[in-house]
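Input: a single structure, listed below in structure tokens.
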Amino acid sequence: MNKRVRIKDIAKMSGVSSGTVDRILHNRGNVSEKARIAVEKVLDQVGYKPNIHLSGLSLKKTYEIIVTTPHASHGEYWESIHNGIREAIDQHESLNIKTTFLTYDQYNIYSCQNVFTQILILSPDAVIIGPTFKDETIDFTEKLRDKLIPFTFVDSMLEGTSPLAFYSSNQYICGYLMCKLLNSLIPESSDIGVLQAIRIGDQSANTSILRRQGAYDYLSEINFKNKIHNIQFSVYEAQKNEETMKMFFSSHPNVKGVIVLNSRGNVVADFLKENHLNDVKLVCVDLTTPNIVSLKEGFINFLIDQNPDYQGYMAMKTLLEFLILQIHPKVENYLPLNIVTRETIDLQLEFNFLKWI
């Protein structure tokens, strides 16, 4: 095939999916005659020639890849990353890829440690990592390196590690942007609240650390004169969270804006709604289903989208290209941050990455 023409291009020209083109190229069946005719016509036009190396060698090997991230609940951030990973697998279905998802509780350091231990015992061909606990992940990647197991990161990057590549938004800029947006919404005399999750065995997630630094640096740059209050919550104790926030907002009536350092912005939004606190502005991150509902209702003012589906897709695609063709990718891959409002959310969802590849 002409090097400038990709399976994705053939799919677009044929009016079918990339997976359908892949099935036809490798004679795997399960395609309609109409689709086959359309694809073969395009293949003739572009002068497709089979890749003998890929067909003769790579198709015979089974590639064992483990994906380790926090649990991926329906409608949540990590599910979007997993969806992107699965899309990349589907587009390479002619390969024998054995993918295992070993997820952990992102609020429990011991859960993460146990999963990392399992992975080292299994010794796969490659690993995709969604890092939460900094020290544990650095130790884990050092052991992967010793075993010559390549890995990619999604969601964030850790200094002191050597991934094949990482795909993430810039979490420092994310926190900086969150505070900048919030500051544009609140009166000059207002205090600010910063909400983060309590984790078992560790203080903060890697992303929260970076976002907090960005947020505080922004406030320092503008010489913010008012108070900054920390609000902690536990995903395990909903009733306690309710009591904590009631006490906090009753004790700090001058707090007119809050940023949430992880994807649980809806926790605060639900509280504001139930307690009729319509004068508190809220800036959050990630297009989770609960966050989208709160955005449309007006209780979240801005949401920042990190393109998680694209992160997952590229992390898997990069590993496969390295394992099969020894293609060494660009290591540093920061994705754009999209600022989403209630007026733009439907358009943002309509142009979801996975719908257009």
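Going through the structure tokens in order, the chains are called A, B, and so on, while each chain numbers its residues from 1 and the ligands are numbered from 1 in the order shown.
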
| message | So that I can check the surroundings of Phe233 (chain A), please list as a ChimeraX atom specification every protein, DNA and RNA residue that reaches within 8 Å of it, counting only C-alpha atoms and ignoring chain neighbours fewer than 5 positions away. | response | /A:195-198,241,244

Could you write those residues out with N, CA and C atoms, as a PDB file, in the first residue's frame?
```
ATOM      1  N   LEU A 195     -11.411  21.372  46.619  1.00  0.00           N
ATOM      2  CA  LEU A 195     -11.864  20.076  47.107  1.00  0.00           C
ATOM      3  C   LEU A 195     -11.007  18.955  46.526  1.00  0.00           C
ATOM      4  N   GLN A 196     -10.582  18.040  47.398  1.00  0.00           N
ATOM      5  CA  GLN A 196      -9.859  16.854  46.943  1.00  0.00           C
ATOM      6  C   GLN A 196     -10.261  15.644  47.769  1.00  0.00           C
ATOM      7  N   ALA A 197     -10.005  14.462  47.215  1.00  0.00           N
ATOM      8  CA  ALA A 197     -10.432  13.215  47.846  1.00  0.00           C
ATOM      9  C   ALA A 197      -9.419  12.755  48.885  1.00  0.00           C
ATOM     10  N   ILE A 198      -9.932  12.108  49.944  1.00  0.00           N
ATOM     11  CA  ILE A 198      -9.091  11.440  50.935  1.00  0.00           C
ATOM     12  C   ILE A 198      -8.796  10.035  50.415  1.00  0.00           C
ATOM     13  N   ASN A 241     -19.641  13.216  54.144  1.00  0.00           N
ATOM     14  CA  ASN A 241     -19.373  14.296  53.194  1.00  0.00           C
ATOM     15  C   ASN A 241     -20.435  15.377  53.280  1.00  0.00           C
ATOM     16  N   THR A 244     -19.834  17.323  56.376  1.00  0.00           N
ATOM     17  CA  THR A 244     -18.618  18.146  56.228  1.00  0.00           C
ATOM     18  C   THR A 244     -18.896  19.394  55.409  1.00  0.00           C
TER      19      THR A 244
END
```

Residue contacts of Ala88 (chain A) (12 Å, only C-alpha atoms) excluding same-chain residues fewer than 6 positions away, as a PDB file with N, CA and C atoms, in the first residue's frame:
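To be explicit, this is the file written out as part.pdb:
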```pdb
ATOM      1  N   LYS A   8      -7.336   3.804   7.946  1.00  0.00           N
ATOM      2  CA  LYS A   8      -8.345   4.823   8.244  1.00  0.00           C
ATOM      3  C   LYS A   8      -8.769   5.546   6.957  1.00  0.00           C
ATOM      4  N   SER A  18     -12.956   1.242  10.029  1.00  0.00           N
ATOM      5  CA  SER A  18     -11.579   0.736   9.931  1.00  0.00           C
ATOM      6  C   SER A  18     -11.528  -0.755  10.239  1.00  0.00           C
ATOM      7  N   GLY A  19     -12.368  -1.209  11.184  1.00  0.00           N
ATOM      8  CA  GLY A  19     -12.416  -2.628  11.517  1.00  0.00           C
ATOM      9  C   GLY A  19     -12.849  -3.485  10.341  1.00  0.00           C
ATOM     10  N   ASP A  22      -9.954  -3.837   7.979  1.00  0.00           N
ATOM     11  CA  ASP A  22      -8.987  -4.781   8.540  1.00  0.00           C
ATOM     12  C   ASP A  22      -9.437  -6.223   8.313  1.00  0.00           C
ATOM     13  N   ILE A  81     -11.272   6.178  28.804  1.00  0.00           N
ATOM     14  CA  ILE A  81      -9.921   5.732  28.436  1.00  0.00           C
ATOM     15  C   ILE A  81      -9.955   4.280  27.974  1.00  0.00           C
ATOM     16  N   HIS A  82     -10.688   3.423  28.682  1.00  0.00           N
ATOM     17  CA  HIS A  82     -10.808   2.019  28.287  1.00  0.00           C
ATOM     18  C   HIS A  82     -11.486   1.887  26.925  1.00  0.00           C
ATOM     19  N   SER A  94      -6.784  -8.100  13.313  1.00  0.00           N
ATOM     20  CA  SER A  94      -6.082  -9.170  12.603  1.00  0.00           C
ATOM     21  C   SER A  94      -4.916  -9.710  13.425  1.00  0.00           C
ATOM     22  N   LEU A  95      -4.491  -8.957  14.429  1.00  0.00           N
ATOM     23  CA  LEU A  95      -3.412  -9.398  15.315  1.00  0.00           C
ATOM     24  C   LEU A  95      -3.983 -10.227  16.458  1.00  0.00           C
ATOM     25  N   ILE A  97      -4.142 -10.304  19.891  1.00  0.00           N
ATOM     26  CA  ILE A  97      -3.889  -9.453  21.049  1.00  0.00           C
ATOM     27  C   ILE A  97      -4.695  -9.978  22.235  1.00  0.00           C
ATOM     28  N   THR A  99      -5.634  -8.898  25.731  1.00  0.00           N
ATOM     29  CA  THR A  99      -5.621  -7.723  26.594  1.00  0.00           C
ATOM     30  C   THR A  99      -6.328  -8.038  27.908  1.00  0.00           C
ATOM     31  N   ASP A 309     -10.671   9.381  25.759  1.00  0.00           N
ATOM     32  CA  ASP A 309     -10.791   8.316  24.767  1.00  0.00           C
ATOM     33  C   ASP A 309      -9.593   8.321  23.817  1.00  0.00           C
ATOM     34  N   TYR A 310      -9.160   9.504  23.419  1.00  0.00           N
ATOM     35  CA  TYR A 310      -7.998   9.613  22.539  1.00  0.00           C
ATOM     36  C   TYR A 310      -6.722   9.187  23.260  1.00  0.00           C
ATOM     37  N   GLN A 311      -6.631   9.514  24.552  1.00  0.00           N
ATOM     38  CA  GLN A 311      -5.479   9.067  25.341  1.00  0.00           C
ATOM     39  C   GLN A 311      -5.348   7.541  25.284  1.00  0.00           C
ATOM     40  N   GLY A 312      -6.448   6.856  25.568  1.00  0.00           N
ATOM     41  CA  GLY A 312      -6.431   5.397  25.581  1.00  0.00           C
ATOM     42  C   GLY A 312      -6.130   4.808  24.216  1.00  0.00           C
ATOM     43  N   TYR A 313      -6.748   5.383  23.194  1.00  0.00           N
ATOM     44  CA  TYR A 313      -6.544   4.899  21.828  1.00  0.00           C
ATOM     45  C   TYR A 313      -5.077   4.985  21.440  1.00  0.00           C
ATOM     46  N   MET A 314      -4.457   6.129  21.669  1.00  0.00           N
ATOM     47  CA  MET A 314      -3.070   6.331  21.253  1.00  0.00           C
ATOM     48  C   MET A 314      -2.094   5.515  22.103  1.00  0.00           C
ATOM     49  N   ALA A 315      -2.394   5.331  23.393  1.00  0.00           N
ATOM     50  CA  ALA A 315      -1.513   4.532  24.248  1.00  0.00           C
ATOM     51  C   ALA A 315      -1.427   3.097  23.749  1.00  0.00           C
ATOM     52  N   MET A 316      -2.565   2.521  23.342  1.00  0.00           N
ATOM     53  CA  MET A 316      -2.565   1.155  22.819  1.00  0.00           C
ATOM     54  C   MET A 316      -1.973   1.097  21.415  1.00  0.00           C
ATOM     55  N   LYS A 317      -2.335   2.014  20.558  1.00  0.00           N
ATOM     56  CA  LYS A 317      -1.828   2.035  19.186  1.00  0.00           C
ATOM     57  C   LYS A 317      -0.293   2.140  19.184  1.00  0.00           C
ATOM     58  N   THR A 318       0.222   2.987  20.062  1.00  0.00           N
ATOM     59  CA  THR A 318       1.668   3.169  20.160  1.00  0.00           C
ATOM     60  C   THR A 318       2.363   1.883  20.566  1.00  0.00           C
ATOM     61  N   LEU A 319       1.808   1.182  21.542  1.00  0.00           N
ATOM     62  CA  LEU A 319       2.409  -0.077  21.983  1.00  0.00           C
ATOM     63  C   LEU A 319       2.410  -1.111  20.863  1.00  0.00           C
ATOM     64  N   LEU A 320       1.311  -1.216  20.150  1.00  0.00           N
ATOM     65  CA  LEU A 320       1.214  -2.208  19.083  1.00  0.00           C
ATOM     66  C   LEU A 320       2.207  -1.914  17.960  1.00  0.00           C
ATOM     67  N   GLU A 321       2.328  -0.651  17.590  1.00  0.00           N
ATOM     68  CA  GLU A 321       3.270  -0.294  16.530  1.00  0.00           C
ATOM     69  C   GLU A 321       4.714  -0.555  16.961  1.00  0.00           C
ATOM     70  N   LEU A 354     -14.194   8.968  19.251  1.00  0.00           N
ATOM     71  CA  LEU A 354     -14.443   7.602  18.807  1.00  0.00           C
ATOM     72  C   LEU A 354     -15.493   7.514  17.712  1.00  0.00           C
ATOM     73  N   ILE A 357     -13.370   8.163  14.000  1.00  0.00           N
ATOM     74  CA  ILE A 357     -12.196   7.468  13.482  1.00  0.00           C
ATOM     75  C   ILE A 357     -12.608   6.225  12.703  1.00  0.00           C
TER      76      ILE A 357
END
```

Could I get the residues of region 68-134 of chain A with an atom no further than 12 Å from an atom of region 157-164 of chain A, each paired with its nearest atom pair and that distance in Å to one decimal, using only C-alpha atoms, sorted by chain and residue number, as JSON lines?
```
{"residue": "A:Ala126", "atom": "CA", "partner": "A:Leu164", "partner_atom": "CA", "distance": 10.0}
{"residue": "A:Val127", "atom": "CA", "partner": "A:Pro163", "partner_atom": "CA", "distance": 9.9}
{"residue": "A:Ile128", "atom": "CA", "partner": "A:Pro163", "partner_atom": "CA", "distance": 9.6}
{"residue": "A:Ile129", "atom": "CA", "partner": "A:Pro163", "partner_atom": "CA", "distance": 9.6}
{"residue": "A:Gly130", "atom": "CA", "partner": "A:Met157", "partner_atom": "CA", "distance": 9.1}
{"residue": "A:Pro131", "atom": "CA", "partner": "A:Met157", "partner_atom": "CA", "distance": 7.8}
{"residue": "A:Thr132", "atom": "CA", "partner": "A:Leu158", "partner_atom": "CA", "distance": 9.9}
{"residue": "A:Phe133", "atom": "CA", "partner": "A:Leu158", "partner_atom": "CA", "distance": 10.0}
{"residue": "A:Lys134", "atom": "CA", "partner": "A:Leu158", "partner_atom": "CA", "distance": 7.2}
```

Same residues, all heavy atoms, output as a short mmCIF file (atom, residue, chain, number, x, y, z; two decimals), in the first residue's frame:
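Generated file (part.cif):
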```
data_model
loop_
_atom_site.label_atom_id
_atom_site.label_comp_id
_atom_site.auth_asym_id
_atom_site.auth_seq_id
_atom_site.Cartn_x
_atom_site.Cartn_y
_atom_site.Cartn_z
N ALA A 126 3.66 -5.96 27.26
CA ALA A 126 3.62 -4.50 27.42
C ALA A 126 2.52 -4.14 28.40
O ALA A 126 1.61 -4.96 28.68
CB ALA A 126 3.39 -3.82 26.07
N VAL A 127 2.57 -2.91 28.91
CA VAL A 127 1.61 -2.47 29.92
C VAL A 127 1.18 -1.02 29.62
O VAL A 127 2.01 -0.20 29.23
CB VAL A 127 2.21 -2.52 31.35
CG1 VAL A 127 1.17 -2.09 32.39
CG2 VAL A 127 2.74 -3.90 31.67
N ILE A 128 -0.09 -0.76 29.79
CA ILE A 128 -0.61 0.62 29.79
C ILE A 128 -0.95 0.96 31.24
O ILE A 128 -1.67 0.21 31.91
CB ILE A 128 -1.86 0.76 28.91
CG1 ILE A 128 -1.51 0.49 27.44
CG2 ILE A 128 -2.47 2.16 29.04
CD1 ILE A 128 -2.71 0.52 26.51
N ILE A 129 -0.45 2.10 31.72
CA ILE A 129 -0.61 2.47 33.12
C ILE A 129 -1.34 3.80 33.25
O ILE A 129 -0.97 4.78 32.61
CB ILE A 129 0.76 2.60 33.82
CG1 ILE A 129 1.60 1.34 33.63
CG2 ILE A 129 0.59 2.91 35.30
CD1 ILE A 129 3.04 1.50 34.07
N GLY A 130 -2.37 3.81 34.10
CA GLY A 130 -2.99 5.05 34.52
C GLY A 130 -2.51 5.34 35.93
O GLY A 130 -3.05 4.80 36.89
N PRO A 131 -1.47 6.15 36.10
CA PRO A 131 -0.84 6.31 37.42
C PRO A 131 -1.68 7.15 38.38
O PRO A 131 -2.18 8.20 38.01
CB PRO A 131 0.48 7.02 37.09
CG PRO A 131 0.20 7.77 35.84
CD PRO A 131 -0.79 6.94 35.06
N THR A 132 -1.83 6.63 39.60
CA THR A 132 -2.49 7.39 40.66
C THR A 132 -1.52 7.64 41.80
O THR A 132 -1.31 8.78 42.20
CB THR A 132 -3.73 6.63 41.17
OG1 THR A 132 -4.65 6.47 40.09
CG2 THR A 132 -4.41 7.40 42.29
N PHE A 133 -0.94 6.58 42.31
CA PHE A 133 -0.03 6.69 43.46
C PHE A 133 1.41 6.82 42.96
O PHE A 133 1.95 5.89 42.35
CB PHE A 133 -0.21 5.49 44.37
CG PHE A 133 -1.60 5.36 44.91
CD1 PHE A 133 -2.50 4.46 44.36
CD2 PHE A 133 -2.03 6.18 45.95
CE1 PHE A 133 -3.79 4.35 44.85
CE2 PHE A 133 -3.33 6.08 46.44
CZ PHE A 133 -4.21 5.16 45.89
N LYS A 134 2.00 7.95 43.22
CA LYS A 134 3.28 8.32 42.61
C LYS A 134 4.41 7.34 42.93
O LYS A 134 5.03 6.78 42.03
CB LYS A 134 3.66 9.73 43.06
CG LYS A 134 4.94 10.25 42.45
CD LYS A 134 5.20 11.68 42.88
CE LYS A 134 6.51 12.20 42.29
NZ LYS A 134 6.77 13.60 42.70
#
```

Contact table region 172-217 of chain A vs region 275-288 of chain A, cut-off 8 Å, shortest pair per residue, only C-alpha atoms, as a tab-separated table:
```
residue	atom	partner	partner_atom	distance
A:Met178	CA	A:Val283	CA	6.1
A:Cys179	CA	A:Val283	CA	8.0
A:Leu181	CA	A:Val283	CA	7.3
A:Leu182	CA	A:Val283	CA	6.2
A:Leu185	CA	A:Lys281	CA	6.8
A:Ile186	CA	A:Lys281	CA	7.0
```

| Neighbours of region 336-339 of chain A within 10 Å (only C-alpha atoms; same-chain residues fewer than 2 positions away dropped), as a PyMOL selection string? | chain A and resi 168-171+173-174+177-178+181+285-286+302-307+333-334+341+344-345+348

| request: Find the residue from A:Arg342, A:Ile138, A:Ile109, A:Ile149 that sits nearest to Leu323 (chain A); use only C-alpha atoms when measuring. | output: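 Checking each candidate against Leu323 (chain A), we get A:Ile149 as the closest.
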
| request: Could you give me the residues within region 20-243 of chain A that DSSP places in helix (DSSP H, G or I), as a ChimeraX atom specification? | output: /A:20-25,33-46,52-56,58-60,77-91,109-122,134-146,171-183,206-221,238-243

Please provide the set of residues having any atom within 7 Å of Ser294 (chain A), restricted to only C-alpha atoms, with same-chain residues fewer than 5 positions apart removed, written as a tab-separated table (two decimals) with N, CA and C atoms, in the first residue's frame.
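Here's the written file selection-v5.tsv:
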```tsv
chain	number	residue	atom	x	y	z
A	266	ASN	N	-19.48	16.48	40.67
A	266	ASN	CA	-20.91	16.37	40.93
A	266	ASN	C	-21.24	16.24	42.42
A	269	ALA	N	-21.64	19.74	43.34
A	269	ALA	CA	-22.79	20.28	42.60
A	269	ALA	C	-24.10	19.80	43.19
A	299	PHE	N	-25.26	23.92	37.82
A	299	PHE	CA	-24.58	23.89	39.11
A	299	PHE	C	-23.06	23.68	38.96
A	300	ILE	N	-22.62	23.27	37.78
A	300	ILE	CA	-21.21	23.36	37.41
A	300	ILE	C	-21.15	24.41	36.30
```

| message | So that I can check the surroundings of Phe140 (chain A), please list as number ranges by chain every protein, DNA and RNA residue that reaches within 9 Å of it, counting only C-alpha atoms and ignoring chain neighbours fewer than 6 positions away. | response | A: 113, 116-117, 120

Would you output that residue set with N, CA, C and O atoms, as a short mmCIF file (atom, residue, chain, number, x, y, z; two decimals), in the first residue's frame?
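Generated output (part_5.cif):
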```cif
data_model
loop_
_atom_site.label_atom_id
_atom_site.label_comp_id
_atom_site.auth_asym_id
_atom_site.auth_seq_id
_atom_site.Cartn_x
_atom_site.Cartn_y
_atom_site.Cartn_z
N GLN A 113 -1.09 -1.51 45.02
CA GLN A 113 0.11 -2.33 45.23
C GLN A 113 -0.14 -3.79 44.86
O GLN A 113 0.72 -4.43 44.23
N PHE A 116 -0.23 -4.21 41.01
CA PHE A 116 1.11 -4.10 40.42
C PHE A 116 1.90 -5.39 40.65
O PHE A 116 2.64 -5.84 39.76
N THR A 117 1.74 -5.98 41.81
CA THR A 117 2.44 -7.24 42.10
C THR A 117 1.96 -8.34 41.16
O THR A 117 2.78 -9.13 40.63
N LEU A 120 3.55 -7.95 37.62
CA LEU A 120 4.96 -8.36 37.54
C LEU A 120 5.09 -9.87 37.49
O LEU A 120 5.98 -10.41 36.82
#
```

| task | Identify, on the basis of only C-alpha atoms, every residue whose closest approach to Val42 (chain A) does not exceed 9 Å; exclude the query and any residue fewer than 4 positions from it along the same chain; express the result as a PyMOL selection string. | result | chain A and resi 10-11+13-14+37-38+46-48

With C-alpha atoms retained, export the selected residues as a PDB file, in the first residue's frame.
```pdb
ATOM      1  CA  ILE A  10      -9.305   3.405   3.007  1.00  0.00           C
ATOM      2  CA  ALA A  11     -12.222   3.136   5.421  1.00  0.00           C
ATOM      3  CA  MET A  13     -12.948   6.352   1.026  1.00  0.00           C
ATOM      4  CA  SER A  14     -14.997   3.142   1.146  1.00  0.00           C
ATOM      5  CA  ILE A  37     -16.862  -4.647  -3.074  1.00  0.00           C
ATOM      6  CA  ALA A  38     -16.503  -1.038  -1.923  1.00  0.00           C
ATOM      7  CA  VAL A  46      -4.550   3.019  -4.170  1.00  0.00           C
ATOM      8  CA  GLY A  47      -2.479   0.047  -5.366  1.00  0.00           C
ATOM      9  CA  TYR A  48      -2.572  -1.979  -2.170  1.00  0.00           C
TER      10      TYR A  48
END
```

| query | Which residue, A:Leu335, A:Ala72, A:Ile231, A:Val67, has the smallest gap to Val115 (chain A) when you use only C-alpha atoms? | reply |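 Under the stated criterion, the closest residue is A:Val67.
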
| said: Give me, as an MDAnalysis selection string, the residues of region 158-241 of chain A that a backbone DSSP run labels strand (DSSP E or B). | reply: chainID A and resid 165:168 191:197 199:200 202 228:233

Selected residues written out with C-alpha atoms, as a JSON list (two decimals), in the first residue's frame:
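Dumped everything to selection_6.json:
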```
[["chain", "number", "residue", "atom", "x", "y", "z"],
["A", 165, "ALA", "CA", 5.27, 7.37, 25.44],
["A", 166, "PHE", "CA", 2.64, 9.15, 27.50],
["A", 167, "TYR", "CA", -0.68, 10.65, 26.49],
["A", 168, "SER", "CA", -2.15, 13.16, 28.90],
["A", 191, "ASP", "CA", -12.77, 33.26, 49.20],
["A", 192, "ILE", "CA", -12.09, 30.03, 47.28],
["A", 193, "GLY", "CA", -12.54, 26.36, 48.20],
["A", 194, "VAL", "CA", -10.34, 23.56, 46.82],
["A", 195, "LEU", "CA", -11.86, 20.08, 47.11],
["A", 196, "GLN", "CA", -9.86, 16.85, 46.94],
["A", 197, "ALA", "CA", -10.43, 13.21, 47.85],
["A", 199, "ARG", "CA", -7.13, 8.32, 50.00],
["A", 200, "ILE", "CA", -6.27, 5.30, 52.12],
["A", 202, "ASP", "CA", -1.56, 8.15, 50.60],
["A", 228, "ILE", "CA", -8.10, 29.59, 50.14],
["A", 229, "HIS", "CA", -9.81, 26.75, 52.02],
["A", 230, "ASN", "CA", -9.21, 23.02, 51.61],
["A", 231, "ILE", "CA", -12.24, 20.73, 51.55],
["A", 232, "GLN", "CA", -11.69, 16.98, 51.87],
["A", 233, "PHE", "CA", -14.20, 14.26, 51.09]]
```

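With only C-alpha atoms as the basis for measurement, A:Thr20 is the residue among A:Leu347, A:Thr20, A:Glu64, A:Val293 that approaches Glu33 (chain A) most closely.
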
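Here CA of Tyr218 (chain A) and CA of Tyr176 (chain A) stand 5.5 Å from one another.
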
| task | Using CA of Pro187 (chain A) and CA of Lys273 (chain A) as the two end points, give the distance in Å to one decimal. | result |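 One can read the CA of Pro187 (chain A) to CA of Lys273 (chain A) distance as 20.4 Å.
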
| field | Between CA of Ser73 (chain A) and CA of Asn206 (chain A) - distance in Å to one decimal | value |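 Separation between CA of Asn206 (chain A) and CA of Ser73 (chain A): 19.9 Å.
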